[in-house]
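**Student:** Sharing model-v3.tsv below, TSV, C-alpha atoms and all ligand atoms:
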chain	number	residue	atom	x	y	z
A	288	MET	CA	40.82	61.24	21.81
A	289	GLN	CA	37.61	63.02	21.12
A	290	GLU	CA	37.97	66.05	18.91
A	291	LEU	CA	35.99	68.55	20.89
A	292	GLU	CA	33.76	71.21	19.47
A	293	ARG	CA	36.06	73.64	17.68
A	294	GLY	CA	33.25	75.68	16.10
A	295	ASP	CA	33.03	79.33	17.01
A	296	SER	CA	30.05	78.88	19.35
A	297	GLY	CA	31.74	76.00	21.23
A	298	ILE	CA	34.94	77.94	21.74
A	299	ARG	CA	33.05	81.05	22.79
A	300	SER	CA	30.90	79.24	25.34
A	301	PHE	CA	33.99	77.60	26.92
A	302	ALA	CA	35.81	80.92	26.72
A	303	SER	CA	33.05	82.87	28.42
A	304	VAL	CA	33.18	80.45	31.38
A	305	GLN	CA	36.93	81.06	31.54
A	306	SER	CA	36.29	84.82	31.57
A	307	ALA	CA	35.50	84.49	35.28
A	308	LEU	CA	39.25	84.59	35.94
A	309	VAL	CA	39.33	87.99	34.23
A	310	MET	CA	36.24	89.34	35.92
A	311	TYR	CA	37.62	88.92	39.43
A	312	PRO	CA	40.60	91.32	39.06
A	313	ILE	CA	38.36	93.93	37.44
A	314	PHE	CA	35.73	93.40	40.14
A	315	ALA	CA	38.23	93.48	43.01
A	316	TYR	CA	40.81	96.01	41.81
A	317	GLY	CA	39.20	97.90	38.90
A	318	SER	CA	37.83	101.45	38.82
A	319	ASP	CA	34.07	102.03	38.64
A	320	ALA	CA	34.43	102.92	34.96
A	321	GLN	CA	36.37	99.68	34.25
A	322	LYS	CA	33.74	97.63	36.09
A	323	GLU	CA	30.89	99.27	34.20
A	324	GLU	CA	32.66	98.88	30.88
A	325	TRP	CA	33.66	95.21	31.19
A	326	LEU	CA	31.87	93.23	33.88
A	327	PRO	CA	28.31	93.10	32.45
A	328	LYS	CA	29.58	92.20	28.98
A	329	LEU	CA	32.00	89.56	30.28
A	330	ALA	CA	29.27	88.09	32.49
A	331	ARG	CA	26.88	87.84	29.54
A	332	GLY	CA	29.56	86.29	27.34
A	333	GLU	CA	29.34	89.18	24.89
A	334	LYS	CA	33.01	89.94	25.51
A	335	ILE	CA	35.80	87.48	26.16
A	336	GLY	CA	38.68	88.10	28.54
A	337	CYS	CA	42.03	86.52	29.35
A	338	PHE	CA	44.39	86.60	32.33
A	339	GLY	CA	48.07	87.05	31.53
A	340	LEU	CA	50.48	86.15	34.30
A	341	THR	CA	52.69	83.26	33.08
A	342	GLU	CA	55.73	84.12	30.95
A	343	PRO	CA	57.95	81.92	28.79
A	344	ASP	CA	60.66	81.87	31.49
A	345	PHE	CA	58.53	82.42	34.60
A	346	GLY	CA	55.75	79.97	35.39
A	347	SER	CA	55.85	78.74	38.97
A	348	ASN	CA	57.87	81.82	39.93
A	349	PRO	CA	55.83	84.77	38.61
A	350	ALA	CA	57.77	87.16	40.87
A	351	GLY	CA	60.56	86.98	38.28
A	352	MET	CA	58.37	88.31	35.45
A	353	ILE	CA	60.13	90.53	32.93
A	354	THR	CA	57.10	92.13	31.27
A	355	ARG	CA	57.42	95.81	32.13
A	356	ALA	CA	55.38	99.00	31.96
A	357	ARG	CA	57.06	102.39	31.72
A	358	GLU	CA	55.22	105.53	32.76
A	359	THR	CA	54.79	108.31	30.16
A	360	ALA	CA	52.92	111.62	30.16
A	361	ASP	CA	49.72	109.97	28.80
A	362	GLY	CA	49.86	106.55	30.41
A	363	TYR	CA	52.19	103.58	30.11
A	364	ILE	CA	54.24	101.74	27.48
A	365	LEU	CA	54.14	97.96	27.84
A	366	ASN	CA	56.86	95.57	26.65
A	367	GLY	CA	57.29	91.84	27.17
A	368	ALA	CA	55.49	88.54	26.55
A	369	LYS	CA	53.12	86.14	28.25
A	370	MET	CA	52.66	82.47	27.43
A	371	TRP	CA	50.06	79.75	27.90
A	372	ILE	CA	47.25	82.29	28.13
A	373	THR	CA	43.76	80.80	27.87
A	374	ASN	CA	41.56	82.75	25.41
A	375	GLY	CA	44.47	85.03	24.44
A	376	SER	CA	43.80	85.10	20.68
A	377	ILE	CA	40.05	85.61	21.01
A	378	ALA	CA	39.98	87.93	24.01
A	379	ASP	CA	38.52	91.42	23.75
A	380	VAL	CA	40.42	92.40	26.88
A	381	ALA	CA	43.51	90.98	28.56
A	382	VAL	CA	44.29	91.55	32.23
A	383	VAL	CA	48.08	91.70	32.05
A	384	TRP	CA	50.36	91.68	35.07
A	385	ALA	CA	53.54	93.68	34.55
A	386	LYS	CA	56.16	95.40	36.64
A	387	LEU	CA	56.15	99.16	36.97
A	388	GLY	CA	59.54	99.74	38.56
A	389	ASP	CA	59.85	96.66	40.76
A	390	VAL	CA	56.18	96.41	41.66
A	391	VAL	CA	53.57	94.29	39.89
A	392	HIS	CA	50.50	96.13	38.56
A	393	GLY	CA	47.48	95.01	36.54
A	394	PHE	CA	46.72	96.57	33.15
A	395	LEU	CA	43.79	96.14	30.79
A	396	VAL	CA	45.08	95.61	27.26
A	397	GLU	CA	42.37	95.86	24.65
A	398	LYS	CA	42.22	93.81	21.48
A	399	GLY	CA	43.58	95.74	18.50
A	400	SER	CA	45.97	97.90	20.57
A	401	LYS	CA	48.92	98.88	18.41
A	402	GLY	CA	51.94	96.62	19.09
A	403	PHE	CA	49.83	93.91	20.78
A	404	SER	CA	49.55	90.47	19.17
A	405	ALA	CA	48.25	87.14	20.49
A	406	PRO	CA	49.34	84.20	18.33
A	407	GLU	CA	47.58	80.91	19.12
A	408	MET	CA	49.70	78.05	20.46
A	409	LYS	CA	49.11	74.83	18.53
A	410	GLY	CA	49.69	71.14	19.19
A	411	LYS	CA	47.99	70.63	22.56
A	412	HIS	CA	46.90	67.10	23.50
A	413	SER	CA	44.98	68.50	26.47
A	414	LEU	CA	42.19	71.08	26.92
A	415	ARG	CA	41.75	71.10	23.17
A	416	ALA	CA	38.39	72.89	23.46
A	417	SER	CA	40.12	76.04	24.65
A	418	VAL	CA	42.32	78.46	22.79
A	419	THR	CA	45.77	78.95	24.33
A	420	SER	CA	47.99	81.79	23.21
A	421	GLU	CA	51.09	83.87	23.61
A	422	LEU	CA	50.62	87.57	24.31
A	423	VAL	CA	53.29	89.79	22.81
A	424	PHE	CA	53.66	93.46	23.77
A	425	ASP	CA	55.87	95.63	21.60
A	426	ASN	CA	55.70	99.20	22.89
A	427	VAL	CA	51.95	98.98	23.53
A	428	MET	CA	50.41	102.30	24.67
A	429	ILE	CA	48.16	101.82	27.68
A	430	PRO	CA	46.01	104.79	28.76
A	431	ILE	CA	46.09	105.73	32.45
A	432	SER	CA	42.43	104.70	32.67
A	433	ASN	CA	43.41	101.10	31.82
A	434	ARG	CA	45.57	100.48	34.89
A	435	LEU	CA	43.79	98.64	37.70
A	436	PRO	CA	43.88	101.29	40.45
A	437	GLY	CA	42.82	99.13	43.42
A	438	GLY	CA	46.24	97.95	44.59
A	439	ASP	CA	49.60	96.60	43.55
A	440	GLY	CA	52.02	93.78	44.22
A	441	LEU	CA	52.09	90.08	43.39
A	442	ARG	CA	49.38	89.47	45.98
A	443	LEU	CA	46.85	90.85	43.47
A	444	PRO	CA	47.23	88.17	40.77
A	445	LEU	CA	47.70	85.53	43.47
A	446	SER	CA	44.39	86.54	45.08
A	447	CYS	CA	42.70	86.10	41.67
A	448	LEU	CA	44.22	82.63	41.37
A	449	SER	CA	42.81	81.67	44.76
A	450	GLN	CA	39.30	82.32	43.41
A	451	ALA	CA	39.99	80.25	40.30
A	452	ARG	CA	41.61	77.41	42.24
A	453	TYR	CA	38.53	77.11	44.41
A	454	GLY	CA	36.47	76.56	41.24
A	455	ILE	CA	39.01	74.08	39.92
A	456	ALA	CA	38.82	72.03	43.11
A	457	TRP	CA	35.10	71.60	42.42
A	458	GLY	CA	35.52	71.08	38.68
A	459	ALA	CA	37.98	68.22	39.16
A	460	ILE	CA	35.30	66.37	41.13
A	461	GLY	CA	32.96	66.60	38.13
A	462	ALA	CA	35.59	65.00	35.89
A	463	ALA	CA	36.17	62.27	38.48
A	464	MET	CA	32.43	61.59	38.79
A	465	ALA	CA	32.06	61.24	35.02
A	466	CYS	CA	34.91	58.71	34.98
A	467	TYR	CA	33.47	56.81	37.95
A	468	ASP	CA	30.00	56.68	36.35
A	469	ALA	CA	31.48	55.38	33.10
A	470	ALA	CA	33.49	52.72	34.95
A	471	LEU	CA	30.59	51.59	37.14
A	472	SER	CA	28.10	51.16	34.34
A	473	TYR	CA	30.69	49.47	32.11
A	474	ALA	CA	31.72	47.09	34.92
A	475	LYS	CA	28.11	46.03	35.43
A	476	SER	CA	27.54	45.23	31.76
A	477	ARG	CA	30.89	43.85	30.58
A	478	ILE	CA	30.94	40.04	30.90
A	479	GLN	CA	34.18	38.08	31.31
A	480	PHE	CA	34.53	34.54	32.71
A	481	ASP	CA	30.69	34.36	32.54
A	482	LYS	CA	30.25	37.22	35.03
A	483	PRO	CA	30.04	41.01	34.91
A	484	ILE	CA	33.51	42.33	35.70
A	485	ALA	CA	31.84	44.27	38.57
A	486	ALA	CA	31.54	40.90	40.32
A	487	PHE	CA	35.33	40.57	40.68
A	488	GLN	CA	36.79	41.76	43.96
A	489	ILE	CA	39.62	43.70	42.31
A	490	THR	CA	37.11	45.70	40.21
A	491	GLN	CA	35.03	46.39	43.30
A	492	GLU	CA	38.10	47.59	45.16
A	493	LYS	CA	38.82	50.06	42.32
A	494	LEU	CA	35.23	51.34	42.31
A	495	VAL	CA	35.19	51.68	46.10
A	496	HIS	CA	38.46	53.59	45.99
A	497	MET	CA	37.04	55.95	43.36
A	498	VAL	CA	33.78	56.69	45.13
A	499	THR	CA	35.58	57.15	48.46
A	500	GLU	CA	38.04	59.67	47.02
A	501	ILE	CA	35.19	61.50	45.25
A	502	THR	CA	33.26	61.72	48.52
A	503	LYS	CA	36.34	62.98	50.41
A	504	ALA	CA	36.95	65.58	47.67
A	505	GLN	CA	33.33	66.72	47.87
A	506	LEU	CA	33.58	67.12	51.64
A	507	LEU	CA	36.77	69.17	51.30
A	508	CYS	CA	35.00	71.48	48.86
A	509	VAL	CA	31.82	71.78	50.90
A	510	GLN	CA	33.88	72.82	53.91
A	511	LEU	CA	35.90	75.28	51.80
A	512	GLY	CA	32.63	76.76	50.55
A	513	ARG	CA	31.40	77.17	54.12
A	514	LEU	CA	34.66	78.90	55.09
A	515	LYS	CA	34.46	81.09	51.98
A	516	ASP	CA	30.88	82.13	52.75
A	517	ALA	CA	32.00	83.01	56.29
A	518	GLY	CA	34.95	85.02	54.88
A	519	LYS	CA	37.39	82.74	56.70
A	520	VAL	CA	38.95	80.68	53.93
A	521	ARG	CA	42.77	80.74	53.76
A	522	PHE	CA	44.65	80.35	50.48
A	523	GLN	CA	46.57	77.41	51.93
A	524	GLN	CA	43.28	75.56	52.40
A	525	ILE	CA	42.39	76.24	48.76
A	526	SER	CA	45.82	74.89	47.77
A	527	MET	CA	45.14	71.72	49.75
A	528	ALA	CA	41.83	71.18	47.94
A	529	LYS	CA	43.16	71.98	44.45
A	530	ARG	CA	46.14	69.69	45.02
A	531	ASN	CA	44.14	66.82	46.44
A	532	ASN	CA	41.12	66.91	44.16
A	533	VAL	CA	42.99	67.21	40.88
A	534	PHE	CA	45.48	64.52	41.88
A	535	HIS	CA	42.71	62.06	42.79
A	536	ALA	CA	40.58	62.97	39.77
A	537	LEU	CA	43.50	62.07	37.50
A	538	ALA	CA	44.11	58.82	39.41
A	539	ILE	CA	40.39	58.02	39.10
A	540	ALA	CA	40.46	58.71	35.35
A	541	ARG	CA	43.35	56.26	34.99
A	542	GLU	CA	41.63	53.64	37.15
A	543	SER	CA	38.41	54.06	35.17
A	544	ARG	CA	40.37	53.60	31.94
A	545	SER	CA	41.71	50.31	33.25
A	546	ILE	CA	38.20	49.04	34.09
A	547	LEU	CA	37.07	49.85	30.56
A	548	GLY	CA	39.97	47.82	29.16
A	549	ALA	CA	40.71	48.61	25.52
A	550	ASN	CA	37.39	50.43	25.20
A	551	GLY	CA	38.77	52.94	27.69
A	552	ILE	CA	40.95	54.54	25.03
A	553	LEU	CA	38.01	55.24	22.72
A	554	ASP	CA	36.34	58.61	22.34
A	555	GLU	CA	33.01	56.82	22.76
A	556	TYR	CA	33.68	57.11	26.51
A	557	PRO	CA	34.66	60.33	28.32
A	558	VAL	CA	37.57	58.84	30.23
A	559	MET	CA	40.63	59.61	28.08
A	560	ARG	CA	39.38	63.13	27.44
A	561	HIS	CA	39.16	63.78	31.18
A	562	ALA	CA	42.55	62.14	31.78
A	563	ALA	CA	44.19	64.28	29.10
A	564	ASN	CA	42.53	67.47	30.35
A	565	LEU	CA	43.40	66.74	33.98
A	566	GLU	CA	47.10	66.60	32.99
A	567	SER	CA	46.82	70.35	32.28
A	568	VAL	CA	44.83	70.94	35.43
A	569	MET	CA	47.65	69.34	37.48
A	570	THR	CA	49.91	72.09	36.10
A	571	TYR	CA	47.83	75.24	35.67
A	572	GLU	CA	46.64	77.47	38.48
A	573	GLY	CA	49.76	76.41	40.40
A	574	THR	CA	51.37	73.04	39.84
A	575	HIS	CA	50.74	70.09	42.14
A	576	GLU	CA	54.27	70.57	43.47
A	577	MET	CA	53.82	74.29	44.21
A	578	HIS	CA	50.62	73.58	46.15
A	579	THR	CA	52.53	70.94	48.09
A	580	LEU	CA	55.10	73.57	49.04
A	581	ILE	CA	52.39	76.10	49.99
A	582	VAL	CA	50.77	73.60	52.37
A	583	GLY	CA	54.22	72.42	53.49
A	584	GLU	CA	55.17	75.96	54.46
A	585	ASP	CA	51.87	76.41	56.26
A	586	ILE	CA	52.32	73.38	58.48
A	587	THR	CA	56.07	73.67	59.11
A	588	GLY	CA	56.55	77.43	58.99
A	589	ILE	CA	59.49	76.82	56.61
A	590	PRO	CA	59.25	77.93	52.95
A	591	ALA	CA	60.90	75.34	50.67
A	592	PHE	CA	60.43	77.16	47.36
A	593	THR	CA	64.06	77.99	46.73
B	1	LIG	C1	46.25	74.60	29.14
B	1	LIG	C2	46.90	75.64	29.98
B	1	LIG	C3	46.26	76.88	30.18
B	1	LIG	C4	46.87	77.87	30.93
B	1	LIG	N1	46.23	79.10	31.07
B	1	LIG	C5	46.89	80.12	31.69
B	1	LIG	C6	46.30	81.44	31.74
B	1	LIG	O1	45.18	81.66	31.28
B	1	LIG	N2	47.02	82.43	32.31
B	1	LIG	C7	48.25	82.25	32.85
B	1	LIG	O2	48.85	83.22	33.35
B	1	LIG	N3	48.85	81.01	32.81
B	1	LIG	C8	48.19	79.96	32.25
B	1	LIG	N4	48.78	78.70	32.20
B	1	LIG	C9	50.14	78.54	32.68
B	1	LIG	C10	50.26	77.77	34.00
B	1	LIG	O3	49.76	78.52	35.05
B	1	LIG	C11	51.75	77.41	34.14
B	1	LIG	O4	52.03	76.40	33.18
B	1	LIG	C12	52.10	76.91	35.54
B	1	LIG	O5	52.09	77.97	36.47
B	1	LIG	C13	53.48	76.23	35.59
B	1	LIG	O6	54.44	76.99	34.96
B	1	LIG	P1	55.42	76.30	33.87
B	1	LIG	O7	54.59	75.53	32.91
B	1	LIG	O8	56.30	77.38	33.38
B	1	LIG	O9	56.23	75.23	34.69
B	1	LIG	P2	57.59	75.49	35.57
B	1	LIG	O10	57.37	76.59	36.55
B	1	LIG	O11	58.75	75.59	34.65
B	1	LIG	O12	57.64	74.10	36.34
B	1	LIG	C14	58.07	72.88	35.73
B	1	LIG	C15	58.10	71.81	36.82
B	1	LIG	O13	59.03	72.20	37.86
B	1	LIG	C16	58.36	72.18	39.11
B	1	LIG	N5	58.87	73.22	39.98
B	1	LIG	C17	59.07	74.56	39.69
B	1	LIG	N6	59.55	75.20	40.76
B	1	LIG	C18	59.65	74.27	41.76
B	1	LIG	C19	60.06	74.32	43.13
B	1	LIG	N7	60.46	75.46	43.73
B	1	LIG	N8	60.04	73.17	43.84
B	1	LIG	C20	59.61	72.00	43.29
B	1	LIG	N9	59.20	71.90	42.00
B	1	LIG	C21	59.22	73.01	41.26
B	1	LIG	C22	56.89	72.44	38.77
B	1	LIG	O14	56.02	71.98	39.82
B	1	LIG	C23	56.74	71.62	37.50
B	1	LIG	O15	56.56	70.26	37.82
B	1	LIG	C24	48.15	77.65	31.50
B	1	LIG	C25	48.77	76.40	31.33
B	1	LIG	C26	48.16	75.41	30.59
B	1	LIG	C27	48.84	74.07	30.42
Please re-express this file's structure in structure tokens.
**Tutor:**
Amino acid sequence: MQELERGDSGIRSFASVQSALVMYPIFAYGSDAQKEEWLPKLARGEKIGCFGLTEPDFGSNPAGMITRARETADGYILNGAKMWITNGSIADVAVVWAKLGDVVHGFLVEKGSKGFSAPEMKGKHSLRASVTSELVFDNVMIPISNRLPGGDGLRLPLSCLSQARYGIAWGAIGAAMACYDAALSYAKSRIQFDKPIAAFQITQEKLVHMVTEITKAQLLCVQLGRLKDAGKVRFQQISMAKRNNVFHALAIARESRSILGANGILDEYPVMRHAANLESVMTYEGTHEMHTLIVGEDITGIPAFT
């Protein structure tokens, strides 16, 4: 697998794209002072942010989170841990979701806060260009001005994820298109049995399947975009697109790999990198299974989560 750019500038440019997930909660639920302080710098990539929802024991079920804030005279004391947090170790600011009493609130935890550490998680075979970290809070003092004042409840982080999932539904198409392009051009130039392998019906069926699924995924996203522009998009529709597009992008990456034969495993082609990265994308921002249950509840009226 290709060793992606691990230099500081490569990590920072990937990380600043990821900061969008942090900008939305500040934009939607932050105070004017928080917006002024963070949004321009995050948008310019001068500051890096991270979004801390997942915990070691609570992934698909964030309602169970055990990270807690306690109110004091000057603000809040935060205790707990988050896991699998993109950008955690390099972030200047973390949006951390924690319970105050029984209700989830968002807090801005700044790099260097006493009692806050963000050790990097090592050993990933997927999304190797990004930094993934734990966030550990050991009696971290949070000033009152660092709580997001614009609302509370689990619906806040979930609304942020809806924005990110919309982007992921588009991004998965890009990965699928890169795999399709690689497979098509390879199939036209690779000769076996005195013919390009693109001349064999089975190869053509694979390519037709890929381009059809890509086109269907694009249409889903275009329609979602229209609904979003009109302010009518529902989170269940975003779940359908994330679920479908990532699933088919991964299937396309695998199919592309098969067309490339042994060459498909080389880092000379983009296919294995996309396949490995899409394995993470199947899981993060809500697993494939959880999106199935969200759409399943929407069409049946029966929640099957527990
Ligand atoms: C590279 C990477 C980056 C990430 N970045 C972030 C980040 O920046 N911020 C953040 O907060 N999180 C992040 N995550 C975490 C991600 O959102 C979680 O991994 C995801 O929500 C799943 O949680 P889990 O891994 O604990 O799996 P679990 O919840 O333990 O699930 C394991 C399996 O059980 C299935 N399952 C669970 N419950 C049910 C059910 N009711 N019915 C059927 N099946 C079920 C799941 O679908 C899955 O297949 C990241 C993850 C990765 C891999």
**Student:** Which residues of range 419-517 of chain A come within 12 Å of range 392-408 of chain A, and for each one, what is the closest pair of atoms and their distance in Å to one decimal, counting all atoms listed in the file, sorted by chain and residue number, as a tab-separated table?
**Tutor:**
residue	atom	partner	partner_atom	distance
A:Thr419	CA	A:Met408	CA	5.6
A:Ser420	CA	A:Glu407	CA	4.2
A:Glu421	CA	A:Ala405	CA	5.3
A:Leu422	CA	A:Ala405	CA	4.5
A:Val423	CA	A:Ser404	CA	5.3
A:Phe424	CA	A:Phe403	CA	4.9
A:Asp425	CA	A:Gly402	CA	4.8
A:Asn426	CA	A:Gly402	CA	5.9
A:Val427	CA	A:Gly402	CA	5.0
A:Met428	CA	A:Lys401	CA	7.3
A:Ile429	CA	A:Val396	CA	6.9
A:Pro430	CA	A:Leu395	CA	9.2
A:Ile431	CA	A:Phe394	CA	9.2
A:Ser432	CA	A:Leu395	CA	8.9
A:Asn433	CA	A:Leu395	CA	5.1
A:Arg434	CA	A:Phe394	CA	4.4
A:Leu435	CA	A:Gly393	CA	5.3
A:Pro436	CA	A:Gly393	CA	8.2
A:Gly437	CA	A:Gly393	CA	9.3
A:Gly438	CA	A:His392	CA	7.6
A:Asp439	CA	A:His392	CA	5.1
A:Gly440	CA	A:His392	CA	6.3
A:Leu441	CA	A:His392	CA	7.9
A:Arg442	CA	A:His392	CA	10.0
A:Leu443	CA	A:His392	CA	8.1
A:Pro444	CA	A:Gly393	CA	8.0
A:Leu445	CA	A:Gly393	CA	11.7
A:Cys447	CA	A:Gly393	CA	11.3
**Student:** So, with only C-alpha atoms and all ligand atoms as the atoms that count, which of A:Met569, A:Ala562, A:Ile586, A:Met577 lies closest to ligand LIG 1 (chain B)?
**Tutor:** A:Met577
**Student:** Throw together the list of residues within 8 Å of ligand LIG 1 (chain B), counting only C-alpha atoms and all ligand atoms, and drop it here as a PyMOL selection string.
**Tutor:** chain A and resi 337-348+369-375+411+413-414+417+419+567-568+570-577+580+591-593
**Student:** Can you write just those residues out, C-alpha atoms, as a short mmCIF file (atom, residue, chain, number, x, y, z; two decimals), keeping the file's coordinate frame?
**Tutor:**
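Dumped to selection12.cif:
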data_model
loop_
_atom_site.label_atom_id
_atom_site.label_comp_id
_atom_site.auth_asym_id
_atom_site.auth_seq_id
_atom_site.Cartn_x
_atom_site.Cartn_y
_atom_site.Cartn_z
CA CYS A 337 42.03 86.52 29.35
CA PHE A 338 44.39 86.60 32.33
CA GLY A 339 48.07 87.05 31.53
CA LEU A 340 50.48 86.15 34.30
CA THR A 341 52.69 83.26 33.08
CA GLU A 342 55.73 84.12 30.95
CA PRO A 343 57.95 81.92 28.79
CA ASP A 344 60.66 81.87 31.49
CA PHE A 345 58.53 82.42 34.60
CA GLY A 346 55.75 79.97 35.39
CA SER A 347 55.85 78.74 38.97
CA ASN A 348 57.87 81.82 39.93
CA LYS A 369 53.12 86.14 28.25
CA MET A 370 52.66 82.47 27.43
CA TRP A 371 50.06 79.75 27.90
CA ILE A 372 47.25 82.29 28.13
CA THR A 373 43.76 80.80 27.87
CA ASN A 374 41.56 82.75 25.41
CA GLY A 375 44.47 85.03 24.44
CA LYS A 411 47.99 70.63 22.56
CA SER A 413 44.98 68.50 26.47
CA LEU A 414 42.19 71.08 26.92
CA SER A 417 40.12 76.04 24.65
CA THR A 419 45.77 78.95 24.33
CA SER A 567 46.82 70.35 32.28
CA VAL A 568 44.83 70.94 35.43
CA THR A 570 49.91 72.09 36.10
CA TYR A 571 47.83 75.24 35.67
CA GLU A 572 46.64 77.47 38.48
CA GLY A 573 49.76 76.41 40.40
CA THR A 574 51.37 73.04 39.84
CA HIS A 575 50.74 70.09 42.14
CA GLU A 576 54.27 70.57 43.47
CA MET A 577 53.82 74.29 44.21
CA LEU A 580 55.10 73.57 49.04
CA ALA A 591 60.90 75.34 50.67
CA PHE A 592 60.43 77.16 47.36
CA THR A 593 64.06 77.99 46.73
#
**Student:** Go through A:Leu547, A:Ala474, A:Val380, A:Ala456 one by one, measure the shortest atom-to-atom distance of each to Asn531 in chain A using all atoms listed in the file, and give the residue with the smallest value.
**Tutor:**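 Residue with the minimum atom-to-atom distance to Asn531 in chain A: A:Ala456.
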**Student:** Could you tell me how far CA of His412 in chain A sits from CA of Arg541 in chain A, in Å to one decimal place?
**Tutor:**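 Separation of CA of Arg541 in chain A and CA of His412 in chain A: 16.2 Å.
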**Student:** Can you tell me, as a count of residues only, which residues sit within 8 Å of (55.6, 93.3, 31.9) in the file's frame, using all atoms listed in the file?
**Tutor:** 14
**Student:** Interatomic distance between CA of Gln505 in chain A and CA of Ala528 in chain A?
**Tutor:** 9.6 Å
**Student:** Which residue gives the smallest distance to Leu494 in chain A among A:Lys475, A:Arg560, A:Arg415, A:Arg331, with only C-alpha atoms counted?
**Tutor:**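 For Leu494 in chain A, the nearest of the candidates is A:Lys475.
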**Student:** Which residue gives the smallest distance to Glu492 in chain A among A:Ser543, A:Gln479, A:Ser449, A:Gln510, with all atoms listed in the file counted?
**Tutor:**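 For Glu492 in chain A, the nearest of the given residues is A:Ser543.
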**Student:** Neighbours of Gly458 in chain A within 12 Å (only C-alpha atoms; same-chain residues fewer than 5 positions away dropped), as a PyMOL selection string?
**Tutor:** chain A and resi 451-453+463-465+501+504-505+508+528-529+532-533+536+561+564-565+568
**Student:** Record the distance separating CA of Gly551 in chain A and CA of Glu566 in chain A, expressed in Å with one decimal.
**Tutor:**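 It comes out at 16.9 Å.
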**Student:** Counting only C-alpha atoms, which residue out of A:Ala350, A:Ala470, A:Ile589, A:Ile581 sits closest to Val495 in chain A?
**Tutor:**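 With only C-alpha atoms as the atom set, the closest residue is A:Ala470.
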**Student:** Just checking: using only C-alpha atoms, which residue out of A:Ala540, A:Ala459, A:Leu448, A:Ala381 ends up closest to Phe522 in chain A?
**Tutor:** A:Leu448
